[in-house]
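Structure data follow from data-v7.cif (mmCIF, C-alpha atoms and all ligand atoms):
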data_coords
#
loop_
_atom_site.group_PDB
_atom_site.id
_atom_site.type_symbol
_atom_site.label_atom_id
_atom_site.label_comp_id
_atom_site.auth_asym_id
_atom_site.auth_seq_id
_atom_site.Cartn_x
_atom_site.Cartn_y
_atom_site.Cartn_z
ATOM 1 C CA MET A 12 121.414 79.558 121.032
ATOM 2 C CA THR A 13 124.592 78.881 122.966
ATOM 3 C CA THR A 14 124.455 78.476 126.723
ATOM 4 C CA THR A 15 127.954 79.692 127.502
ATOM 5 C CA PRO A 16 127.878 81.222 131.011
ATOM 6 C CA PRO A 17 127.190 84.949 130.962
ATOM 7 C CA GLN A 18 130.244 87.126 131.229
ATOM 8 C CA ALA A 19 130.394 90.265 133.294
ATOM 9 C CA ARG A 20 130.123 92.885 130.632
ATOM 10 C CA PRO A 21 128.196 95.833 132.050
ATOM 11 C CA GLU A 22 127.242 98.644 129.734
ATOM 12 C CA ALA A 23 130.214 100.941 129.547
ATOM 13 C CA SER A 24 128.730 104.231 130.627
ATOM 14 C CA GLY A 25 132.156 105.910 130.643
ATOM 15 C CA ARG A 26 133.140 104.878 127.117
ATOM 16 C CA ALA A 27 132.521 106.881 123.971
ATOM 17 C CA PRO A 28 129.044 106.337 122.536
ATOM 18 C CA VAL A 29 128.560 103.912 119.658
ATOM 19 C CA ILE A 30 125.789 106.149 118.358
ATOM 20 C CA SER A 31 125.488 109.845 119.086
ATOM 21 C CA ALA A 32 122.649 111.914 117.597
ATOM 22 C CA ARG A 33 122.267 115.657 118.153
ATOM 23 C CA ASP A 34 119.196 117.579 117.049
ATOM 24 C CA LEU A 35 118.774 115.028 114.279
ATOM 25 C CA SER A 36 115.966 115.604 111.785
ATOM 26 C CA LEU A 37 114.837 114.003 108.572
ATOM 27 C CA THR A 38 112.143 115.415 106.327
ATOM 28 C CA TYR A 39 110.988 113.463 103.281
ATOM 29 C CA GLU A 40 109.890 115.671 100.406
ATOM 30 C CA THR A 41 106.842 114.013 98.857
ATOM 31 C CA ALA A 42 104.304 114.968 96.178
ATOM 32 C CA ASP A 43 101.856 115.686 99.040
ATOM 33 C CA GLY A 44 104.319 117.953 100.817
ATOM 34 C CA PRO A 45 107.038 117.429 103.436
ATOM 35 C CA VAL A 46 106.842 114.498 105.877
ATOM 36 C CA HIS A 47 108.728 115.198 109.106
ATOM 37 C CA ALA A 48 109.833 111.629 109.871
ATOM 38 C CA LEU A 49 112.359 112.643 112.557
ATOM 39 C CA SER A 50 112.545 115.855 114.538
ATOM 40 C CA HIS A 51 115.093 117.046 117.139
ATOM 41 C CA ILE A 52 116.378 113.584 118.063
ATOM 42 C CA ASP A 53 119.041 113.641 120.814
ATOM 43 C CA LEU A 54 120.325 110.193 121.739
ATOM 44 C CA ASP A 55 123.563 108.566 122.883
ATOM 45 C CA ILE A 56 123.883 104.777 122.828
ATOM 46 C CA ARG A 57 126.863 103.327 124.734
ATOM 47 C CA PRO A 58 128.848 100.157 124.000
ATOM 48 C CA GLY A 59 127.041 97.015 125.136
ATOM 49 C CA GLU A 60 123.617 98.632 125.538
ATOM 50 C CA PHE A 61 120.428 97.037 124.246
ATOM 51 C CA VAL A 62 118.202 99.927 123.212
ATOM 52 C CA SER A 63 114.671 99.414 121.905
ATOM 53 C CA LEU A 64 112.804 101.988 119.831
ATOM 54 C CA ILE A 65 109.061 101.710 120.419
ATOM 55 C CA GLY A 66 106.178 103.781 119.097
ATOM 56 C CA PRO A 67 103.182 103.678 116.793
ATOM 57 C CA SER A 68 103.363 103.221 113.039
ATOM 58 C CA GLY A 69 104.887 106.220 111.344
ATOM 59 C CA CYS A 70 106.791 107.665 114.337
ATOM 60 C CA GLY A 71 110.133 107.218 112.556
ATOM 61 C CA LYS A 72 111.603 104.081 114.174
ATOM 62 C CA THR A 73 112.705 102.527 110.883
ATOM 63 C CA THR A 74 113.847 105.888 109.565
ATOM 64 C CA LEU A 75 116.117 106.357 112.600
ATOM 65 C CA LEU A 76 117.570 102.862 112.127
ATOM 66 C CA ARG A 77 118.103 103.577 108.434
ATOM 67 C CA VAL A 78 119.888 106.864 109.191
ATOM 68 C CA ILE A 79 122.244 105.004 111.567
ATOM 69 C CA ALA A 80 122.838 102.450 108.788
ATOM 70 C CA ASP A 81 123.439 105.151 106.126
ATOM 71 C CA LEU A 82 120.426 103.941 104.157
ATOM 72 C CA GLU A 83 118.866 107.422 104.578
ATOM 73 C CA THR A 84 120.596 110.766 105.082
ATOM 74 C CA ALA A 85 119.490 113.165 107.816
ATOM 75 C CA THR A 86 118.327 116.561 106.615
ATOM 76 C CA GLY A 87 119.341 118.323 109.854
ATOM 77 C CA GLY A 88 121.512 117.895 112.931
ATOM 78 C CA GLU A 89 124.392 115.484 113.453
ATOM 79 C CA ILE A 90 124.919 111.797 113.955
ATOM 80 C CA THR A 91 128.018 109.661 114.452
ATOM 81 C CA VAL A 92 128.406 105.881 114.511
ATOM 82 C CA ASN A 93 131.573 104.691 116.260
ATOM 83 C CA GLY A 94 132.747 108.304 116.169
ATOM 84 C CA VAL A 95 132.481 108.712 112.376
ATOM 85 C CA SER A 96 129.713 109.518 109.910
ATOM 86 C CA PRO A 97 127.177 106.761 109.126
ATOM 87 C CA HIS A 98 128.680 106.638 105.622
ATOM 88 C CA ASP A 99 132.201 105.970 106.913
ATOM 89 C CA ALA A 100 130.840 103.522 109.496
ATOM 90 C CA ARG A 101 129.101 101.592 106.708
ATOM 91 C CA LEU A 102 132.330 101.455 104.715
ATOM 92 C CA LYS A 103 134.056 100.085 107.828
ATOM 93 C CA ARG A 104 131.314 97.422 108.131
ATOM 94 C CA SER A 105 130.481 98.635 111.626
ATOM 95 C CA TYR A 106 127.021 97.085 111.840
ATOM 96 C CA GLY A 107 124.935 94.058 110.941
ATOM 97 C CA TYR A 108 121.293 94.685 109.927
ATOM 98 C CA VAL A 109 118.410 92.293 110.529
ATOM 99 C CA PHE A 110 115.158 93.002 108.669
ATOM 100 C CA GLN A 111 111.598 92.079 109.628
ATOM 101 C CA ALA A 112 111.557 89.360 106.953
ATOM 102 C CA PRO A 113 114.559 87.004 106.997
ATOM 103 C CA ALA A 114 115.445 87.933 103.353
ATOM 104 C CA LEU A 115 117.389 84.726 102.740
ATOM 105 C CA TYR A 116 118.113 83.653 99.153
ATOM 106 C CA PRO A 117 115.997 80.530 98.491
ATOM 107 C CA TRP A 118 118.526 79.030 96.081
ATOM 108 C CA ARG A 119 121.362 79.212 98.615
ATOM 109 C CA THR A 120 121.782 76.810 101.526
ATOM 110 C CA ILE A 121 121.717 78.231 105.059
ATOM 111 C CA ALA A 122 125.531 78.065 105.209
ATOM 112 C CA ARG A 123 125.861 79.891 101.881
ATOM 113 C CA ASN A 124 123.339 82.538 102.957
ATOM 114 C CA VAL A 125 125.341 83.205 106.125
ATOM 115 C CA ALA A 126 128.545 83.237 104.067
ATOM 116 C CA LEU A 127 127.242 85.792 101.558
ATOM 117 C CA PRO A 128 128.590 88.960 103.254
ATOM 118 C CA LEU A 129 131.913 87.168 103.740
ATOM 119 C CA GLU A 130 132.074 86.289 100.023
ATOM 120 C CA ILE A 131 131.365 89.924 99.136
ATOM 121 C CA MET A 132 134.086 91.074 101.549
ATOM 122 C CA GLY A 133 136.617 88.619 100.081
ATOM 123 C CA PHE A 134 137.189 86.334 103.082
ATOM 124 C CA SER A 135 139.082 83.116 102.264
ATOM 125 C CA LYS A 136 137.126 79.844 102.003
ATOM 126 C CA ALA A 137 138.654 78.524 105.236
ATOM 127 C CA GLU A 138 137.800 81.737 107.102
ATOM 128 C CA ARG A 139 134.256 81.677 105.687
ATOM 129 C CA GLU A 140 133.702 78.114 106.834
ATOM 130 C CA GLU A 141 135.019 78.851 110.319
ATOM 131 C CA ARG A 142 132.836 81.939 110.709
ATOM 132 C CA VAL A 143 129.714 80.289 109.297
ATOM 133 C CA GLY A 144 130.155 77.364 111.713
ATOM 134 C CA ARG A 145 130.780 79.646 114.691
ATOM 135 C CA ASN A 146 127.785 81.885 114.015
ATOM 136 C CA LEU A 147 125.358 79.067 113.207
ATOM 137 C CA ASP A 148 126.438 77.531 116.497
ATOM 138 C CA LEU A 149 125.752 80.842 118.244
ATOM 139 C CA VAL A 150 122.143 80.843 117.011
ATOM 140 C CA ASN A 151 121.659 77.095 117.597
ATOM 141 C CA LEU A 152 121.505 76.119 113.938
ATOM 142 C CA LYS A 153 124.421 73.724 113.863
ATOM 143 C CA GLY A 154 123.485 70.788 111.641
ATOM 144 C CA PHE A 155 121.310 72.915 109.329
ATOM 145 C CA GLU A 156 124.163 74.147 107.110
ATOM 146 C CA ARG A 157 123.015 72.232 104.026
ATOM 147 C CA LYS A 158 119.299 72.947 104.368
ATOM 148 C CA PHE A 159 117.562 75.517 102.194
ATOM 149 C CA PRO A 160 115.587 78.375 103.806
ATOM 150 C CA TRP A 161 112.217 76.868 102.871
ATOM 151 C CA GLN A 162 113.101 73.734 104.854
ATOM 152 C CA LEU A 163 113.319 75.800 108.077
ATOM 153 C CA SER A 164 110.585 77.351 110.253
ATOM 154 C CA GLY A 165 110.119 81.130 110.297
ATOM 155 C CA GLY A 166 111.932 81.388 113.649
ATOM 156 C CA MET A 167 114.853 79.334 112.376
ATOM 157 C CA GLN A 168 115.067 81.463 109.236
ATOM 158 C CA GLN A 169 115.214 84.585 111.365
ATOM 159 C CA ARG A 170 117.995 83.011 113.466
ATOM 160 C CA ALA A 171 119.882 82.310 110.228
ATOM 161 C CA SER A 172 119.531 85.958 109.237
ATOM 162 C CA ILE A 173 120.914 86.978 112.658
ATOM 163 C CA ALA A 174 123.889 84.623 112.055
ATOM 164 C CA ARG A 175 124.401 86.311 108.680
ATOM 165 C CA ALA A 176 124.339 89.791 110.278
ATOM 166 C CA LEU A 177 126.940 88.604 112.818
ATOM 167 C CA SER A 178 129.135 86.760 110.304
ATOM 168 C CA PHE A 179 131.677 89.570 109.895
ATOM 169 C CA ASP A 180 131.665 90.297 113.631
ATOM 170 C CA PRO A 181 130.282 93.868 113.753
ATOM 171 C CA ASP A 182 130.081 95.448 117.217
ATOM 172 C CA LEU A 183 126.664 96.893 116.432
ATOM 173 C CA LEU A 184 123.500 94.989 115.541
ATOM 174 C CA LEU A 185 120.558 96.942 114.058
ATOM 175 C CA MET A 186 117.298 94.966 114.185
ATOM 176 C CA ASP A 187 114.063 96.208 112.592
ATOM 177 C CA GLU A 188 111.145 94.279 114.127
ATOM 178 C CA PRO A 189 112.915 90.964 113.537
ATOM 179 C CA PHE A 190 110.292 88.871 115.338
ATOM 180 C CA GLY A 191 107.178 90.878 114.406
ATOM 181 C CA ALA A 192 105.855 88.248 112.002
ATOM 182 C CA LEU A 193 106.271 85.293 114.376
ATOM 183 C CA ASP A 194 103.739 83.814 116.784
ATOM 184 C CA GLU A 195 104.035 84.655 120.458
ATOM 185 C CA ILE A 196 105.525 81.365 121.674
ATOM 186 C CA VAL A 197 108.280 81.426 119.043
ATOM 187 C CA ARG A 198 108.835 85.102 119.732
ATOM 188 C CA ASP A 199 109.280 84.461 123.483
ATOM 189 C CA LYS A 200 111.850 81.770 122.740
ATOM 190 C CA LEU A 201 113.752 83.981 120.310
ATOM 191 C CA ASN A 202 113.674 86.870 122.797
ATOM 192 C CA GLU A 203 115.373 84.660 125.393
ATOM 193 C CA GLN A 204 117.907 83.425 122.866
ATOM 194 C CA LEU A 205 118.658 86.930 121.624
ATOM 195 C CA LEU A 206 119.205 88.107 125.181
ATOM 196 C CA ARG A 207 121.714 85.267 125.794
ATOM 197 C CA LEU A 208 123.457 86.070 122.525
ATOM 198 C CA TRP A 209 123.708 89.745 123.473
ATOM 199 C CA ASP A 210 125.061 88.837 126.901
ATOM 200 C CA VAL A 211 127.657 86.399 125.570
ATOM 201 C CA THR A 212 128.867 88.543 122.650
ATOM 202 C CA GLY A 213 128.718 91.993 124.297
ATOM 203 C CA LYS A 214 127.301 93.552 121.104
ATOM 204 C CA THR A 215 125.461 96.855 121.109
ATOM 205 C CA VAL A 216 121.897 96.318 119.866
ATOM 206 C CA VAL A 217 119.353 98.816 118.534
ATOM 207 C CA PHE A 218 116.004 97.052 118.223
ATOM 208 C CA VAL A 219 112.742 98.312 116.721
ATOM 209 C CA THR A 220 109.530 96.856 118.110
ATOM 210 C CA HIS A 221 105.799 97.512 118.535
ATOM 211 C CA SER A 222 105.605 95.220 121.554
ATOM 212 C CA ILE A 223 105.816 96.642 125.082
ATOM 213 C CA PRO A 224 106.654 93.278 126.781
ATOM 214 C CA GLU A 225 109.336 92.570 124.177
ATOM 215 C CA ALA A 226 110.919 95.995 124.696
ATOM 216 C CA VAL A 227 110.865 95.739 128.501
ATOM 217 C CA PHE A 228 112.189 92.180 128.514
ATOM 218 C CA LEU A 229 115.099 92.817 126.143
ATOM 219 C CA SER A 230 116.298 96.325 126.785
ATOM 220 C CA THR A 231 118.700 98.214 128.972
ATOM 221 C CA ARG A 232 116.863 101.371 127.804
ATOM 222 C CA ILE A 233 113.613 101.965 125.964
ATOM 223 C CA VAL A 234 113.193 104.961 123.667
ATOM 224 C CA VAL A 235 109.492 105.835 123.399
ATOM 225 C CA MET A 236 108.783 107.724 120.181
ATOM 226 C CA SER A 237 105.715 109.645 119.041
ATOM 227 C CA PRO A 238 104.599 110.671 115.548
ATOM 228 C CA ARG A 239 103.975 113.785 113.461
ATOM 229 C CA PRO A 240 106.736 114.794 113.691
ATOM 230 C CA GLY A 241 108.659 111.693 114.783
ATOM 231 C CA ARG A 242 110.394 112.531 118.046
ATOM 232 C CA ILE A 243 111.600 111.037 121.324
ATOM 233 C CA HIS A 244 108.913 111.262 123.989
ATOM 234 C CA ASP A 245 110.661 109.429 126.838
ATOM 235 C CA ILE A 246 113.785 107.346 127.514
ATOM 236 C CA ILE A 247 113.211 104.657 130.145
ATOM 237 C CA PRO A 248 116.025 102.723 131.841
ATOM 238 C CA CYS A 249 115.515 98.985 132.515
ATOM 239 C CA ASP A 250 117.894 97.773 135.191
ATOM 240 C CA PHE A 251 117.139 94.055 135.144
ATOM 241 C CA PRO A 252 120.013 91.565 135.429
ATOM 242 C CA ARG A 253 121.607 90.663 132.087
ATOM 243 C CA ASP A 254 120.787 86.992 132.638
ATOM 244 C CA ARG A 255 117.052 87.629 133.189
ATOM 245 C CA THR A 256 114.533 84.976 132.131
ATOM 246 C CA LEU A 257 110.935 85.295 130.909
ATOM 247 C CA GLU A 258 109.635 84.818 134.465
ATOM 248 C CA ILE A 259 110.717 88.395 135.151
ATOM 249 C CA ARG A 260 107.593 89.505 133.278
ATOM 250 C CA GLU A 261 105.515 88.603 136.319
ATOM 251 C CA THR A 262 107.471 90.853 138.700
ATOM 252 C CA GLN A 263 106.234 94.235 139.894
ATOM 253 C CA GLY A 264 109.383 95.931 138.551
ATOM 254 C CA PHE A 265 108.624 94.665 135.051
ATOM 255 C CA ILE A 266 104.964 95.671 135.254
ATOM 256 C CA ASP A 267 105.920 99.162 136.474
ATOM 257 C CA ILE A 268 108.260 99.757 133.528
ATOM 258 C CA ALA A 269 105.697 98.355 131.069
ATOM 259 C CA ASN A 270 103.133 100.784 132.523
ATOM 260 C CA ARG A 271 105.527 103.703 132.103
ATOM 261 C CA VAL A 272 106.066 102.757 128.458
ATOM 262 C CA ARG A 273 102.295 102.411 127.922
ATOM 263 C CA HIS A 274 101.724 105.773 129.581
ATOM 264 C CA GLY A 275 104.403 107.364 127.370
ATOM 265 C CA LEU A 276 102.800 105.973 124.235
ATOM 266 C CA ARG A 277 99.418 107.393 125.294
ATOM 267 C CA GLU A 278 100.883 110.777 126.215
ATOM 268 C CA GLY A 279 102.483 110.918 122.782
ATOM 269 C CA HIS A 280 98.902 110.858 121.450
ATOM 270 C CA SER A 281 99.477 107.460 119.986
ATOM 271 C CA TYR A 282 97.834 104.103 120.150
ATOM 272 C CA VAL A 283 99.199 100.867 121.554
ATOM 273 C CA ASP A 284 99.067 97.626 119.530
HETATM 274 N N1 LIG B 1 110.866 106.926 101.527
HETATM 275 C C1 LIG B 1 109.910 107.645 102.095
HETATM 276 N N2 LIG B 1 109.347 108.684 101.436
HETATM 277 C C2 LIG B 1 108.385 109.441 102.011
HETATM 278 N N3 LIG B 1 107.911 109.249 103.254
HETATM 279 C C3 LIG B 1 108.437 108.221 103.956
HETATM 280 C C4 LIG B 1 109.443 107.373 103.415
HETATM 281 N N4 LIG B 1 109.771 106.442 104.350
HETATM 282 C C5 LIG B 1 108.987 106.694 105.427
HETATM 283 N N5 LIG B 1 108.187 107.765 105.185
HETATM 284 C C6 LIG B 1 107.239 108.375 106.142
HETATM 285 O O1 LIG B 1 107.985 108.789 107.271
HETATM 286 C C7 LIG B 1 107.264 108.541 108.471
HETATM 287 C C8 LIG B 1 108.090 107.616 109.361
HETATM 288 O O2 LIG B 1 108.156 106.331 108.746
HETATM 289 P P1 LIG B 1 108.888 105.096 109.423
HETATM 290 O O3 LIG B 1 108.765 103.936 108.486
HETATM 291 O O4 LIG B 1 110.244 105.484 109.840
HETATM 292 O O5 LIG B 1 107.994 104.853 110.703
HETATM 293 P P2 LIG B 1 107.944 103.602 111.679
HETATM 294 O O6 LIG B 1 107.786 104.148 113.047
HETATM 295 O O7 LIG B 1 109.109 102.712 111.434
HETATM 296 O O8 LIG B 1 106.611 102.889 111.206
HETATM 297 P P3 LIG B 1 106.226 101.317 111.230
HETATM 298 O O9 LIG B 1 106.091 100.958 112.670
HETATM 299 O O10 LIG B 1 104.915 101.268 110.513
HETATM 300 O O11 LIG B 1 107.313 100.566 110.522
HETATM 301 C C9 LIG B 1 105.935 107.957 108.045
HETATM 302 O O12 LIG B 1 104.988 109.004 107.986
HETATM 303 C C10 LIG B 1 106.205 107.400 106.671
HETATM 304 O O13 LIG B 1 105.041 107.395 105.879
#
Encoded form using structure tokens:
Amino acid sequence: MTTTPPQARPEASGRAPVISARDLSLTYETADGPVHALSHIDLDIRPGEFVSLIGPSGCGKTTLLRVIADLETATGGEITVNGVSPHDARLKRSYGYVFQAPALYPWRTIARNVALPLEIMGFSKAEREERVGRNLDLVNLKGFERKFPWQLSGGMQQRASIARALSFDPDLLLMDEPFGALDEIVRDKLNEQLLRLWDVTGKTVVFVTHSIPEAVFLSTRIVVMSPRPGRIHDIIPCDFPRDRTLEIRETQGFIDIANRVRHGLREGHSYVD
């Protein structure tokens, strides 16, 4: 992805939160009885933060992301996104969403996949072309406009889906285990590229992961969740420089935070992948 020099864009602790959840709960009613997917969630996420949600399967990470995105509705408590309800935020196109699988249409070229949200939103052809070019450049896929998804590696496809999520320039990026299906070397590379992209664009990112090193490397804060019912067990700040590189994983500071996350996952009576 682009190597534009990092800009000073510290997380704005004084500014209004992008996401604010108070006593948020969500219970699914199922044939086997209620499933308490989220319980008493209190969380503020400020502009420019990179917040990872980590926890074992079933602790509600995806459900929380889906509530923010208005794909599920909370059954208790309150949540705002950019100061309005998730529904209104969705109508205002406040966020881009990246799924675990790239979910690109195989019959569309990479450029036309990235352009899809812009077509739906009615952007002019000239504006679409400019935005597609800019965002493919941002994820280092310039030159691949005319390729089809199956002609790209899994990592490249996921970068294309990030370009698509960014195409209409939302301030908030919601990412649900975007690199979970990729091998470790590719994942490391994409982690570095995502970090640069976050630094350069100043987006707010909420990122679901099962990986402790990934969470510690990427985040400004890590939300450790535990299951049954899904709740927040710990919130861990990560104060590494924004322009950190993978070498930071060998430092004592990194190891200490990783240990705190691991400890939190164990205390939450959960397992660690
Ligand atoms: N649509 C649904 N209907 C009923 N129960 C659901 C539904 N979606 C999720 N659940 C349940 O809610 C709980 C939380 O699920 P969720 O997918 O949010 O967890 P997760 O932490 O993202 O898990 P994973 O890491 O496996 O993706 C789980 O017990 C799950 O089985």
Sorted by chain and rising residue number, which residues of chain A lie within 10 Å of ligand LIG 1 (chain B), and what are their closest atom pairs and distances in Å to one decimal, counting all atoms listed in the file, as a tab-separated table?
residue	atom	partner	partner_atom	distance
A:Leu37	CA	B:LIG1	O1	8.7
A:Thr38	CA	B:LIG1	O1	7.9
A:Tyr39	CA	B:LIG1	C2	5.0
A:Glu40	CA	B:LIG1	C2	6.6
A:Thr41	CA	B:LIG1	C2	5.8
A:Ala42	CA	B:LIG1	C2	9.0
A:Asp43	CA	B:LIG1	C2	9.5
A:Gly44	CA	B:LIG1	C2	9.5
A:Pro45	CA	B:LIG1	C2	8.2
A:Val46	CA	B:LIG1	N3	6.0
A:His47	CA	B:LIG1	O1	6.7
A:Ala48	CA	B:LIG1	C7	4.3
A:Leu49	CA	B:LIG1	C8	7.3
A:Leu64	CA	B:LIG1	O6	8.7
A:Ile65	CA	B:LIG1	O6	7.9
A:Gly66	CA	B:LIG1	O6	6.3
A:Pro67	CA	B:LIG1	O9	5.7
A:Ser68	CA	B:LIG1	O10	3.6
A:Gly69	CA	B:LIG1	O5	3.5
A:Cys70	CA	B:LIG1	O6	3.9
A:Gly71	CA	B:LIG1	O4	3.2
A:Lys72	CA	B:LIG1	O7	3.9
A:Thr73	CA	B:LIG1	O7	3.6
A:Thr74	CA	B:LIG1	O4	3.6
A:Leu75	CA	B:LIG1	O4	6.5
A:Leu76	CA	B:LIG1	O4	8.1
A:Arg77	CA	B:LIG1	O4	8.2
A:Val78	CA	B:LIG1	O4	9.8
A:Glu83	CA	B:LIG1	N1	8.6
A:Gln111	CA	B:LIG1	O11	9.5
A:Asp187	CA	B:LIG1	O7	8.3
A:Glu188	CA	B:LIG1	O11	8.2
A:Val219	CA	B:LIG1	O7	7.8
A:Thr220	CA	B:LIG1	O9	7.6
A:His221	CA	B:LIG1	O9	6.8
A:Met236	CA	B:LIG1	O6	8.0
A:Ser237	CA	B:LIG1	O6	8.4
A:Pro238	CA	B:LIG1	O6	7.7
A:Arg239	CA	B:LIG1	O12	7.3
A:Pro240	CA	B:LIG1	C7	8.2
A:Gly241	CA	B:LIG1	C8	6.8
_Residues near segment 125-135 of chain A, cut-off 12 Å, all atoms listed in the file, skip fewer than 5 positions along chain, as a count of residues only_ = 42
*Pick the closest to Thr231 of chain A from A:Leu257, A:Cys249, A:Val216, A:Leu184: which is it, counting all atoms listed in the file?*
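Closest to Thr231 of chain A of all the choices is A:Cys249.
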*asked:* Suppose a student applies the PyMOL selection byres (((chain A and resi 91) around 8) and not hetatm) to this structure; what residues should they get, written as JSON, numbers by chain?
replied: {"A": [29, 30, 31, 32, 79, 89, 90, 92, 93, 94, 95, 96, 97]}
*Output check: residues returned by the PyMOL selection byres (((chain A and resi 263-274) around 12) and not hetatm), as a ChimeraX atom specification*: /A:63-67,221-237,244-252,255-262,275-284
*Rounded to one decimal place, report the atom CA of Pro189 of chain A-atom CA of Ala112 of chain A distance in Å.*
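Atom CA of Ala112 of chain A lies at a distance of 6.9 Å from atom CA of Pro189 of chain A.
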*Which of these residues is nearest to Leu163 of chain A, using all atoms listed in the file: A:Leu193, A:Ile243, A:Leu149, A:Ile121?*
A:Ile121
_Would you compute the distance between atom CA of Gly59 of chain A and atom CA of Thr215 of chain A? Give it in Å to one decimal._
4.3 Å
*If you measure from atom CA of Lys214 of chain A to atom CA of Glu60 of chain A, what distance in Å do you get, rounded to one decimal?*
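That distance, rounded to one decimal, is 7.7 Å.
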*Need the neighbours of (123.2, 84.1, 121.8): which residues are at most 7 Å away, counting all atoms listed in the file, as a list of chain:residue names?*
A:Met12, A:Thr13, A:Leu149, A:Val150, A:Gln204, A:Leu205, A:Leu206, A:Arg207, A:Leu208, A:Trp209, A:Val211
*Tell me which protein, DNA and RNA residues are within 9 Å of Val197 of chain A, counting all atoms listed in the file, leaving out same-chain ones fewer than 5 positions away, and put them as a PyMOL selection string.*
chain A and resi 165-166+190+202
*Tell me which of A:Trp118, A:Thr84, A:His51, A:Arg198 sits closest to Gln162 of chain A, counting all atoms listed in the file.*
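That would be A:Trp118, the residue with the smallest distance to Gln162 of chain A.
Of the residues listed (A:Asp81, A:Ala100, A:Gly88, A:Asn151), A:Gly88 shows the shortest atom-to-atom separation from Asp53 of chain A; distances use only C-alpha atoms.
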